[in-house]
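See below for the structure under consideration.
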Number of protein chains: 2
Amino acid sequence: MKAPFSDLFKPGLPAPAQKWTGWPEFNFVGGHNDEASIPVDALKEAMDRVLTREGSTLGTYFLQSGPLGFAPLREYLTDKLARYSGIKCETDEILLTSGSLQALDLVNGLFLNAGDTVIVEESNYGGIFAKLNARSVNMVAVTVDEDGMIIDDLEAKLADLESKSIKPKYIYTIPTVHNPTGTILTLERRLRLIEIAKSKQIPIFEDECYADLIWDGERPPALRGLDDSGLVVYVGSFSKCIAPALRVGFIVADWPVIAQILPMKGDAGSGALEQMLLAEYCSEHFDDHIEKLRATLEGKLDVLIEALEENFGTEAEFSRPPGGIFLWVKLPEAVDSSRLAIVAAENGVEVNPGREWSLESDAGNWIRICFANPSHDTIRQGMANLAEISRKEFGHPRFIANK
Amino acid sequence: MKAPFSDLFKPGLPAPAQKWTGWPEFNFVGGHNDEASIPVDALKEAMDRVLTREGSTLGTYFLQSGPLGFAPLREYLTDKLARYSGIKCETDEILLTSGSLQALDLVNGLFLNAGDTVIVEESNYGGIFAKLNARSVNMVAVTVDEDGMIIDDLEAKLADLESKSIKPKYIYTIPTVHNPTGTILTLERRLRLIEIAKSKQIPIFEDECYADLIWDGERPPALRGLDDSGLVVYVGSFSKCIAPALRVGFIVADWPVIAQILPMKGDAGSGALEQMLLAEYCSEHFDDHIEKLRATLEGKLDVLIEALEENFGTEAEFSRPPGGIFLWVKLPEAVDSSRLAIVAAENGVEVNPGREWSLESDAGNWIRICFANPSHDTIRQGMANLAEISRKEFGHPRFIANK
């Protein structure tokens with residue numbers, strides 16, 4: 001069925017959406033969180049308090065806070081970013097957005113025209129690939145290992161670009177609990193990365209959405225915290241540490257950058273209730289909440305690893321991540337994970353195929369498994385089903401390892 | 001102060017924002033609402049109820065509703081749109097957005113490239129002018145009178161475009177409580193407009209954000225309600241009827257249009273709490289609330305008109321609007337309202353100058369006054385101050401009429 005006026009649509013639009021038919025029974029895709037960990041009672045109390053105190057200000061666009069977003073949440077963030085990420089900033093260096101996805105769109109809108117070039121890690125958040133492809137931007141991929149982006153390779157790629165007189169618009173990186181590999185960029189590499197950015201005057205676009213979910217809470221300072229030159233534009237979110245349906249992300253950057261981004265955010269502010277709730281709740285409960293959530297998620301990771309070992313034996317290879325909500329898994333080369341994802345989805349099991357999460361030519365047998373949302377039982381049954389589906393389709397895993 | 005890497009910004013960005021310094025004492029701009037009318041207690045109860053019932057679903061992107069937005073709110077809207085706007089639609093013909101501003105961006109993104117042409121009413125919502133200018137789109141202005149868009153002029157403008165082989169991408173209109181004139185397009189003109197759109201196969205982009213605020217509740221059906229061809233893309237909002245800081249708008253269109261817009265909404269959903277709250281609150285209270293709000297706003301309009309007559313006498317000309325939150329006022333020709341807006345703002349009184357709200361060449365002595373937010377006293381004092389400022393600057397009003 002076509003719209004009567006589809007001939008007037010702009011050329012080059014993405015493929016139209018399909019109708020949504022509900023979540024799959026075994027849902028291992030998307031950054032969903034553990035539903036039982038949503039602190040409903042405390043959220044209700046916080047909401048009631050903040051509405052009692054400030055509910056009537058909903059009558060005004062931007063409440064009483066101006067277009068950067070609810071001031072008490074920005075104040076809370078200056079404290080939280082200092083303690084968790086080593087970032088010192090002022091409240092007017094924070095722009096609250098509709099999730100980190102709007103933040104990515106805004107930063108991309110600041111820099112990118114079709115044909116521009118950016119640097120990305122070769123395995124990476126599939127959403128950033130989609131967004132950059134939609135803008136017809138060239139991506140130059142830097143290899144990663146267990147310590148994150150390989151800085152020698154970054155230097156080689158930059159030298160190559162320089163030899164072609166191409167200056168990349170930014171270096172996009174998820175240094176802390178990298179998506180999908182789960183690695184943490186070492187402090188030494190962070191410092192080298194910043195030095196390179198400074199010497200070449202290339203901005204770093206730092207995405208730190210998963211960093212609060214490190215099991216032992218130990219992490220190096222964010223790049224934005226280590227840099228003193230203003231070259232780092234930082235993006236964060238409450239989706240992974242509180243709840244993804246609360247659409248609150250944020251950009252941290254020097255005021256001149258924020259000032260240039262703000263007029264492009266033509267939505268008269270992001271949702272007020274979510275900002276009010278988070279300010280009220282987090283000021284009191286964030287530290288306790290995140291500690292409990294980490295333990296819950298690590299427990300789910302353990303169940304996932306057990307289930308993989310039980311069902312795939314040695315034919316599923318992975319490194320145990322130090323935190324986060326996903327596991328990056330290598331299956332035997334015979335397994336085409338793009339095909340596996342399709343067949344599994346037809347059977348109620350959804351996983352992300354490697355090719356959507358990596359520019360590597362050999363990512364075709366990798367999958368990303370998100371483990372935060374499904375229950376222990378769902379994880380176990382889902383991995384058993386996935387193994388069976390994969391075996392039927394590709395002959396791997398060859399036998400159920402531990403049965 | 002410049003960003004260190006501003007040379008890498010995309011060319012042609014809008015001017016950077018200034019730091020926000022708080023609301024002016026006499027705030028007659030922006031679509032703010034009456035703060036005392038925010039039903040804080042009922043909102044708290046609704047929030048508590050819906051969080052108790054569905055709070056844990058915040059752990060999942062899109063809750064349990066999919067990317068079109070919270071299903072109970074879309075269900076409520078199918079009922080509300082039928083009763084208030086004469087629109088029959090299915091829940092999957094509604095896309096919930098971050099306010100109607102995101103809806104405008106999405107619809108514009110569906111159609112518009114730089115150099116495209118659209119039809120607009122000559123006096124119009126300043127935000128749409130800004131958004132269309134930012135996209136370098138040509139606007140062809142149709143004249144309006146007390147019955148809304150003049151259809152004969154529309155036909156003339158379309159014929160002129162056709163003679164140049166230009167097909168406009170859409171006809172944008174605010175037919176019901178037009179911004180800024182407050183007029184309501186008559187039923188007869190609505191039917192003619194739809195016939196023209198059908199015969200030329202030009203979509204109508206209908207913006208119905210103020211229609212619930214008609215004092216006597218009487219209004220013609222929305223264009224989307226009168227059309228049976230799918231040519232009308234409709235945009236609505238809860239900003240004016242409940243609270244502007246709740247960022248919830250919506251697009252109503254045939255599914256093939258929604259399906260094509262959805263992939264461009266790359267933000268993983270708009271704020272869940274606002275959608276949950278509105279579904280819960282409106283199902284029970286909307287009809288009563290809107291009736292009270294209308295009476296409150298009409299009372300403020302009466303105060304504004306009194307204050308204008310008292311302070312400007314016959315030198316302020318206007319038609320009493322049948323609803324809404326703004327009054328479109330003509331001052332003597334000697335008054336340059338763009339200059340007046342600047343001087344008044346320096347003295348704590350903010351109004352919208354006509355040139356930002358109109359493409360008419362003779363809008364330079366008009367102002368738009370939003371009356372929903374200020375108190376009765378603030379309206380009275382604000383108009384007294386505005387008259388004094390205007391007299392000092394332009395010699396008009398010549399004397400304080402009734403004193």
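Every chain in the structure tokens takes a letter, A first, then B, and so on in the order presented; its residues are numbered from 1, and the ligands are numbered from 1 following the presented order.
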Q: Give me, as a ChimeraX atom specification, the contact residues of chain B against chain A at a cut-off of 6 Å, counting only C-alpha atoms.
A: /B:2-3,9-10,16-17,20,32-35,38,40,44,48,55-56,58-62,66,101-102,110-112,243-247,256-257,259-260,267,271-272
Write a file of the just-selected residues containing N, CA and C atoms, as a short mmCIF file (atom, residue, chain, number, x, y, z; two decimals), in the first residue's frame.
data_model
loop_
_atom_site.label_atom_id
_atom_site.label_comp_id
_atom_site.auth_asym_id
_atom_site.auth_seq_id
_atom_site.Cartn_x
_atom_site.Cartn_y
_atom_site.Cartn_z
N LYS B 2 35.10 30.75 20.93
CA LYS B 2 34.84 29.79 19.87
C LYS B 2 35.23 28.39 20.33
N ALA B 3 34.56 27.38 19.77
CA ALA B 3 35.02 26.02 19.99
C ALA B 3 36.36 25.87 19.27
N PHE B 9 32.89 22.58 11.83
CA PHE B 9 31.42 22.59 11.82
C PHE B 9 30.93 22.64 10.37
N LYS B 10 29.76 22.07 10.19
CA LYS B 10 29.08 22.12 8.90
C LYS B 10 28.82 23.58 8.53
N PRO B 16 24.54 30.82 16.85
CA PRO B 16 24.59 30.12 18.14
C PRO B 16 23.62 30.74 19.15
N ALA B 17 23.20 29.91 20.12
CA ALA B 17 22.29 30.38 21.16
C ALA B 17 23.02 31.31 22.12
N TRP B 20 20.70 31.48 28.53
CA TRP B 20 19.35 31.77 29.01
C TRP B 20 19.45 32.52 30.32
N HIS B 32 3.18 29.26 26.23
CA HIS B 32 3.04 28.83 27.62
C HIS B 32 1.57 28.83 28.02
N ASN B 33 1.29 28.10 29.08
CA ASN B 33 -0.09 27.96 29.50
C ASN B 33 -0.28 28.55 30.89
N ASP B 34 -1.54 28.54 31.34
CA ASP B 34 -1.87 29.04 32.66
C ASP B 34 -1.37 28.04 33.72
N GLU B 35 -0.44 28.47 34.55
CA GLU B 35 0.18 27.51 35.48
C GLU B 35 -0.81 27.04 36.55
N ILE B 38 -2.75 23.89 35.66
CA ILE B 38 -2.12 22.56 35.59
C ILE B 38 -2.74 21.71 36.71
N VAL B 40 -2.37 19.57 39.00
CA VAL B 40 -1.26 18.84 39.63
C VAL B 40 -1.74 17.64 40.43
N LYS B 44 -0.77 13.80 39.61
CA LYS B 44 -0.04 12.95 40.56
C LYS B 44 -0.75 11.61 40.74
N ASP B 48 0.78 8.02 39.63
CA ASP B 48 0.94 6.95 40.61
C ASP B 48 0.26 5.67 40.13
N GLY B 55 4.89 0.44 35.70
CA GLY B 55 6.20 1.05 35.90
C GLY B 55 7.36 0.17 35.48
N SER B 56 7.24 -1.13 35.72
CA SER B 56 8.39 -1.99 35.42
C SER B 56 8.63 -2.09 33.91
N LEU B 58 9.07 0.24 32.03
CA LEU B 58 10.07 1.25 31.66
C LEU B 58 11.42 0.60 31.35
N GLY B 59 11.60 -0.63 31.78
CA GLY B 59 12.85 -1.34 31.50
C GLY B 59 13.02 -1.71 30.04
N THR B 60 11.99 -1.53 29.25
CA THR B 60 12.05 -1.91 27.84
C THR B 60 11.83 -0.67 26.97
N TYR B 61 12.67 -0.48 25.96
CA TYR B 61 12.42 0.57 24.98
C TYR B 61 11.01 0.40 24.44
N PHE B 62 10.29 1.50 24.27
CA PHE B 62 8.93 1.46 23.71
C PHE B 62 7.93 0.77 24.65
N GLY B 66 5.63 -0.80 21.17
CA GLY B 66 6.24 -0.61 19.86
C GLY B 66 6.56 0.84 19.58
N LEU B 101 6.47 19.88 17.50
CA LEU B 101 7.65 20.38 16.78
C LEU B 101 8.44 19.24 16.15
N GLN B 102 8.61 18.14 16.88
CA GLN B 102 9.26 16.99 16.24
C GLN B 102 8.39 16.47 15.10
N LEU B 110 10.17 14.17 5.53
CA LEU B 110 9.59 13.24 4.56
C LEU B 110 9.56 13.85 3.16
N PHE B 111 9.30 15.16 3.11
CA PHE B 111 9.05 15.80 1.82
C PHE B 111 10.20 16.64 1.27
N LEU B 112 10.91 17.34 2.14
CA LEU B 112 11.58 18.56 1.68
C LEU B 112 13.08 18.45 1.47
N ALA B 243 -0.32 20.77 28.99
CA ALA B 243 0.88 21.45 29.50
C ALA B 243 2.00 21.38 28.47
N PRO B 244 2.60 22.52 28.16
CA PRO B 244 3.63 22.54 27.12
C PRO B 244 4.92 21.81 27.50
N ALA B 245 5.25 21.72 28.78
CA ALA B 245 6.51 21.06 29.13
C ALA B 245 6.42 19.55 28.94
N LEU B 246 5.17 19.03 28.92
CA LEU B 246 4.97 17.63 28.52
C LEU B 246 5.15 17.57 27.01
N ARG B 247 6.19 16.97 26.56
CA ARG B 247 6.50 17.04 25.13
C ARG B 247 5.84 15.87 24.40
N PRO B 256 0.89 3.94 5.26
CA PRO B 256 2.08 4.01 4.40
C PRO B 256 2.91 5.29 4.64
N VAL B 257 2.23 6.35 5.05
CA VAL B 257 2.95 7.59 5.36
C VAL B 257 3.66 7.44 6.71
N ALA B 259 4.58 4.72 8.08
CA ALA B 259 5.66 3.73 7.91
C ALA B 259 6.90 4.36 7.31
N GLN B 260 6.71 5.37 6.48
CA GLN B 260 7.85 6.01 5.86
C GLN B 260 8.48 7.06 6.78
N ASP B 267 15.08 8.21 17.48
CA ASP B 267 15.35 8.51 18.89
C ASP B 267 14.84 7.42 19.84
N GLY B 271 9.41 10.49 25.19
CA GLY B 271 9.36 10.23 26.63
C GLY B 271 8.18 9.37 27.06
N ALA B 272 8.49 8.28 27.77
CA ALA B 272 7.45 7.33 28.16
C ALA B 272 6.54 7.88 29.25
#
**Study point:** Contact residues around B:Cys209 with only C-alpha atoms at 9 Å, ignoring same-chain residues under 4 positions, as a ChimeraX atom specification
**Key:** /B:100,174,176-177,235-241,249
Sel. of strand (DSSP E) residues, stretch 67-272 of chain A, as a ChimeraX atom specification
/A:94-97,117-121,138-142,144-145,148-149,171-173,204-207,232-237,249-252
Next, the residues of the selection above should be written as a short mmCIF file (atom, residue, chain, number, x, y, z; two decimals), in the first residue's frame with N, CA and C atoms.
data_model
loop_
_atom_site.label_atom_id
_atom_site.label_comp_id
_atom_site.auth_asym_id
_atom_site.auth_seq_id
_atom_site.Cartn_x
_atom_site.Cartn_y
_atom_site.Cartn_z
N ILE A 94 26.09 21.31 29.81
CA ILE A 94 25.28 20.09 29.67
C ILE A 94 23.99 20.44 28.94
N LEU A 95 23.71 19.70 27.88
CA LEU A 95 22.42 19.82 27.17
C LEU A 95 21.68 18.50 27.33
N LEU A 96 20.51 18.54 27.96
CA LEU A 96 19.70 17.33 28.11
C LEU A 96 18.95 17.07 26.81
N THR A 97 18.94 15.81 26.40
CA THR A 97 18.38 15.44 25.10
C THR A 97 17.39 14.29 25.27
N THR A 117 34.13 12.56 6.23
CA THR A 117 34.78 11.35 6.74
C THR A 117 34.87 11.41 8.26
N VAL A 118 34.59 10.29 8.90
CA VAL A 118 34.78 10.18 10.35
C VAL A 118 35.54 8.90 10.66
N ILE A 119 36.14 8.88 11.85
CA ILE A 119 36.85 7.69 12.33
C ILE A 119 35.94 6.96 13.32
N VAL A 120 35.83 5.65 13.18
CA VAL A 120 35.06 4.85 14.13
C VAL A 120 35.85 3.59 14.49
N GLU A 121 35.48 2.99 15.62
CA GLU A 121 36.04 1.66 15.91
C GLU A 121 35.39 0.65 14.97
N ASN A 138 31.51 8.88 5.04
CA ASN A 138 32.51 7.81 4.93
C ASN A 138 33.05 7.46 6.31
N MET A 139 33.07 6.17 6.62
CA MET A 139 33.61 5.73 7.91
C MET A 139 34.95 5.05 7.70
N VAL A 140 35.95 5.51 8.42
CA VAL A 140 37.25 4.84 8.40
C VAL A 140 37.37 4.07 9.71
N ALA A 141 37.56 2.75 9.61
CA ALA A 141 37.50 1.88 10.78
C ALA A 141 38.88 1.65 11.38
N VAL A 142 38.97 1.78 12.70
CA VAL A 142 40.20 1.50 13.42
C VAL A 142 40.02 0.17 14.16
N VAL A 144 40.35 -2.83 16.92
CA VAL A 144 40.29 -2.85 18.39
C VAL A 144 40.82 -4.18 18.89
N ASP A 145 41.36 -4.18 20.09
CA ASP A 145 41.72 -5.44 20.74
C ASP A 145 41.15 -5.42 22.16
N GLY A 148 40.72 -2.10 23.83
CA GLY A 148 40.00 -1.03 23.12
C GLY A 148 40.69 -0.64 21.83
N MET A 149 40.44 0.57 21.38
CA MET A 149 40.97 1.03 20.11
C MET A 149 42.50 0.92 20.08
N ILE A 171 36.60 11.67 15.79
CA ILE A 171 36.89 10.27 16.11
C ILE A 171 35.81 9.82 17.09
N TYR A 172 34.92 8.95 16.63
CA TYR A 172 33.84 8.46 17.49
C TYR A 172 34.34 7.23 18.24
N THR A 173 34.14 7.22 19.54
CA THR A 173 34.59 6.08 20.32
C THR A 173 33.70 5.82 21.53
N ILE A 204 37.14 14.55 19.48
CA ILE A 204 36.78 13.19 19.88
C ILE A 204 35.31 13.21 20.28
N PHE A 205 34.56 12.27 19.76
CA PHE A 205 33.14 12.15 20.06
C PHE A 205 33.01 10.91 20.96
N GLU A 206 32.91 11.17 22.26
CA GLU A 206 32.96 10.08 23.26
C GLU A 206 31.54 9.70 23.68
N ASP A 207 31.25 8.43 23.57
CA ASP A 207 29.93 7.90 23.92
C ASP A 207 30.12 7.00 25.15
N VAL A 232 36.91 17.20 23.37
CA VAL A 232 36.05 16.04 23.52
C VAL A 232 34.60 16.47 23.68
N VAL A 233 33.74 15.98 22.80
CA VAL A 233 32.29 16.14 22.93
C VAL A 233 31.77 14.82 23.49
N TYR A 234 31.14 14.90 24.65
CA TYR A 234 30.79 13.70 25.42
C TYR A 234 29.28 13.50 25.41
N VAL A 235 28.88 12.24 25.25
CA VAL A 235 27.47 11.89 25.27
C VAL A 235 27.21 10.81 26.32
N GLY A 236 26.18 11.01 27.12
CA GLY A 236 25.79 10.01 28.12
C GLY A 236 24.29 9.82 28.12
N SER A 237 23.82 8.97 29.01
CA SER A 237 22.41 8.55 28.99
C SER A 237 22.01 7.97 30.33
N GLY A 249 19.06 11.64 27.62
CA GLY A 249 20.49 11.58 27.40
C GLY A 249 21.05 12.98 27.58
N PHE A 250 22.36 13.13 27.35
CA PHE A 250 22.94 14.46 27.52
C PHE A 250 24.23 14.58 26.74
N ILE A 251 24.50 15.81 26.33
CA ILE A 251 25.76 16.17 25.69
C ILE A 251 26.53 17.03 26.67
N VAL A 252 27.79 16.73 26.86
CA VAL A 252 28.67 17.60 27.64
C VAL A 252 29.74 18.12 26.70
#
| said: Please list as a PyMOL selection string every residue within 12 Å of A:Lys330, counting only C-alpha atoms and excluding residues in the same chain fewer than 3 positions away. | reply: chain A and resi 180-181+308+312+314-319+327+333-337+353-354+362-369+397
Taking C-alpha atoms for each residue, export the selection above as a CSV table (one decimal), in the first residue's frame.
chain,number,residue,atom,x,y,z
A,180,PRO,CA,29.8,-4.7,21.3
A,181,THR,CA,33.2,-6.0,22.6
A,308,LEU,CA,26.5,-20.8,26.0
A,312,PHE,CA,27.6,-24.4,22.3
A,314,THR,CA,33.8,-24.6,22.7
A,315,GLU,CA,32.1,-23.5,19.5
A,316,ALA,CA,31.1,-20.2,21.1
A,317,GLU,CA,34.1,-18.0,21.8
A,318,PHE,CA,34.0,-14.8,23.8
A,319,SER,CA,35.7,-12.7,26.4
A,327,LEU,CA,28.2,-10.3,25.0
A,333,GLU,CA,33.1,-19.8,10.5
A,334,ALA,CA,30.5,-22.0,8.9
A,335,VAL,CA,27.8,-20.0,10.7
A,336,ASP,CA,26.5,-17.1,8.7
A,337,SER,CA,25.2,-15.0,11.6
A,353,PRO,CA,24.2,-10.4,13.6
A,354,GLY,CA,27.9,-9.3,13.6
A,362,ASP,CA,35.2,-11.3,9.1
A,363,ALA,CA,32.4,-10.4,11.4
A,364,GLY,CA,30.0,-12.6,9.5
A,365,ASN,CA,30.0,-15.4,12.2
A,366,TRP,CA,29.7,-13.1,15.2
A,367,ILE,CA,26.6,-12.3,17.2
A,368,ARG,CA,25.8,-9.8,19.9
A,369,ILE,CA,23.6,-11.1,22.7
A,397,PRO,CA,27.4,-26.5,17.3
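Taking only stretch 15-47 of chain A, the residues that DSSP calls alpha helix (DSSP H) from the backbone come to Val40, Asp41, Ala42, Leu43, Lys44, Glu45, Ala46 and Met47 of chain A.
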Using N, CA and C atoms, can you write the selected residues to a file as a compact mmCIF listing (two decimals), in the first residue's frame?
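After the write, selection_17.txt holds the following:
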# COMPACT_ATOMS: atom_id res chain seq x y z
N VAL A 40 10.33 0.88 40.99
CA VAL A 40 9.03 1.52 40.79
C VAL A 40 8.57 2.31 42.02
N ASP A 41 8.69 1.72 43.19
CA ASP A 41 8.19 2.43 44.39
C ASP A 41 8.95 3.73 44.63
N ALA A 42 10.25 3.67 44.52
CA ALA A 42 11.04 4.88 44.74
C ALA A 42 10.79 5.91 43.64
N LEU A 43 10.57 5.43 42.43
CA LEU A 43 10.26 6.36 41.34
C LEU A 43 8.93 7.06 41.61
N LYS A 44 7.95 6.29 42.08
CA LYS A 44 6.64 6.88 42.38
C LYS A 44 6.76 7.96 43.46
N GLU A 45 7.52 7.64 44.50
CA GLU A 45 7.71 8.63 45.57
C GLU A 45 8.39 9.88 45.04
N ALA A 46 9.43 9.67 44.23
CA ALA A 46 10.17 10.83 43.70
C ALA A 46 9.26 11.67 42.81
N MET A 47 8.49 10.99 41.97
CA MET A 47 7.58 11.70 41.05
C MET A 47 6.57 12.53 41.84
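Atom CA of B:His285 is positioned 22.5 Å from atom CA of B:Lys300.
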Exercise for the section: Determine, counting only C-alpha atoms, which protein, DNA and RNA residues have an atom within 9 Å of an atom of B:Glu90; residues of the same chain fewer than 4 positions away are not included. Present the result as a ChimeraX atom specification. Expected result: /B:74-75,78,94
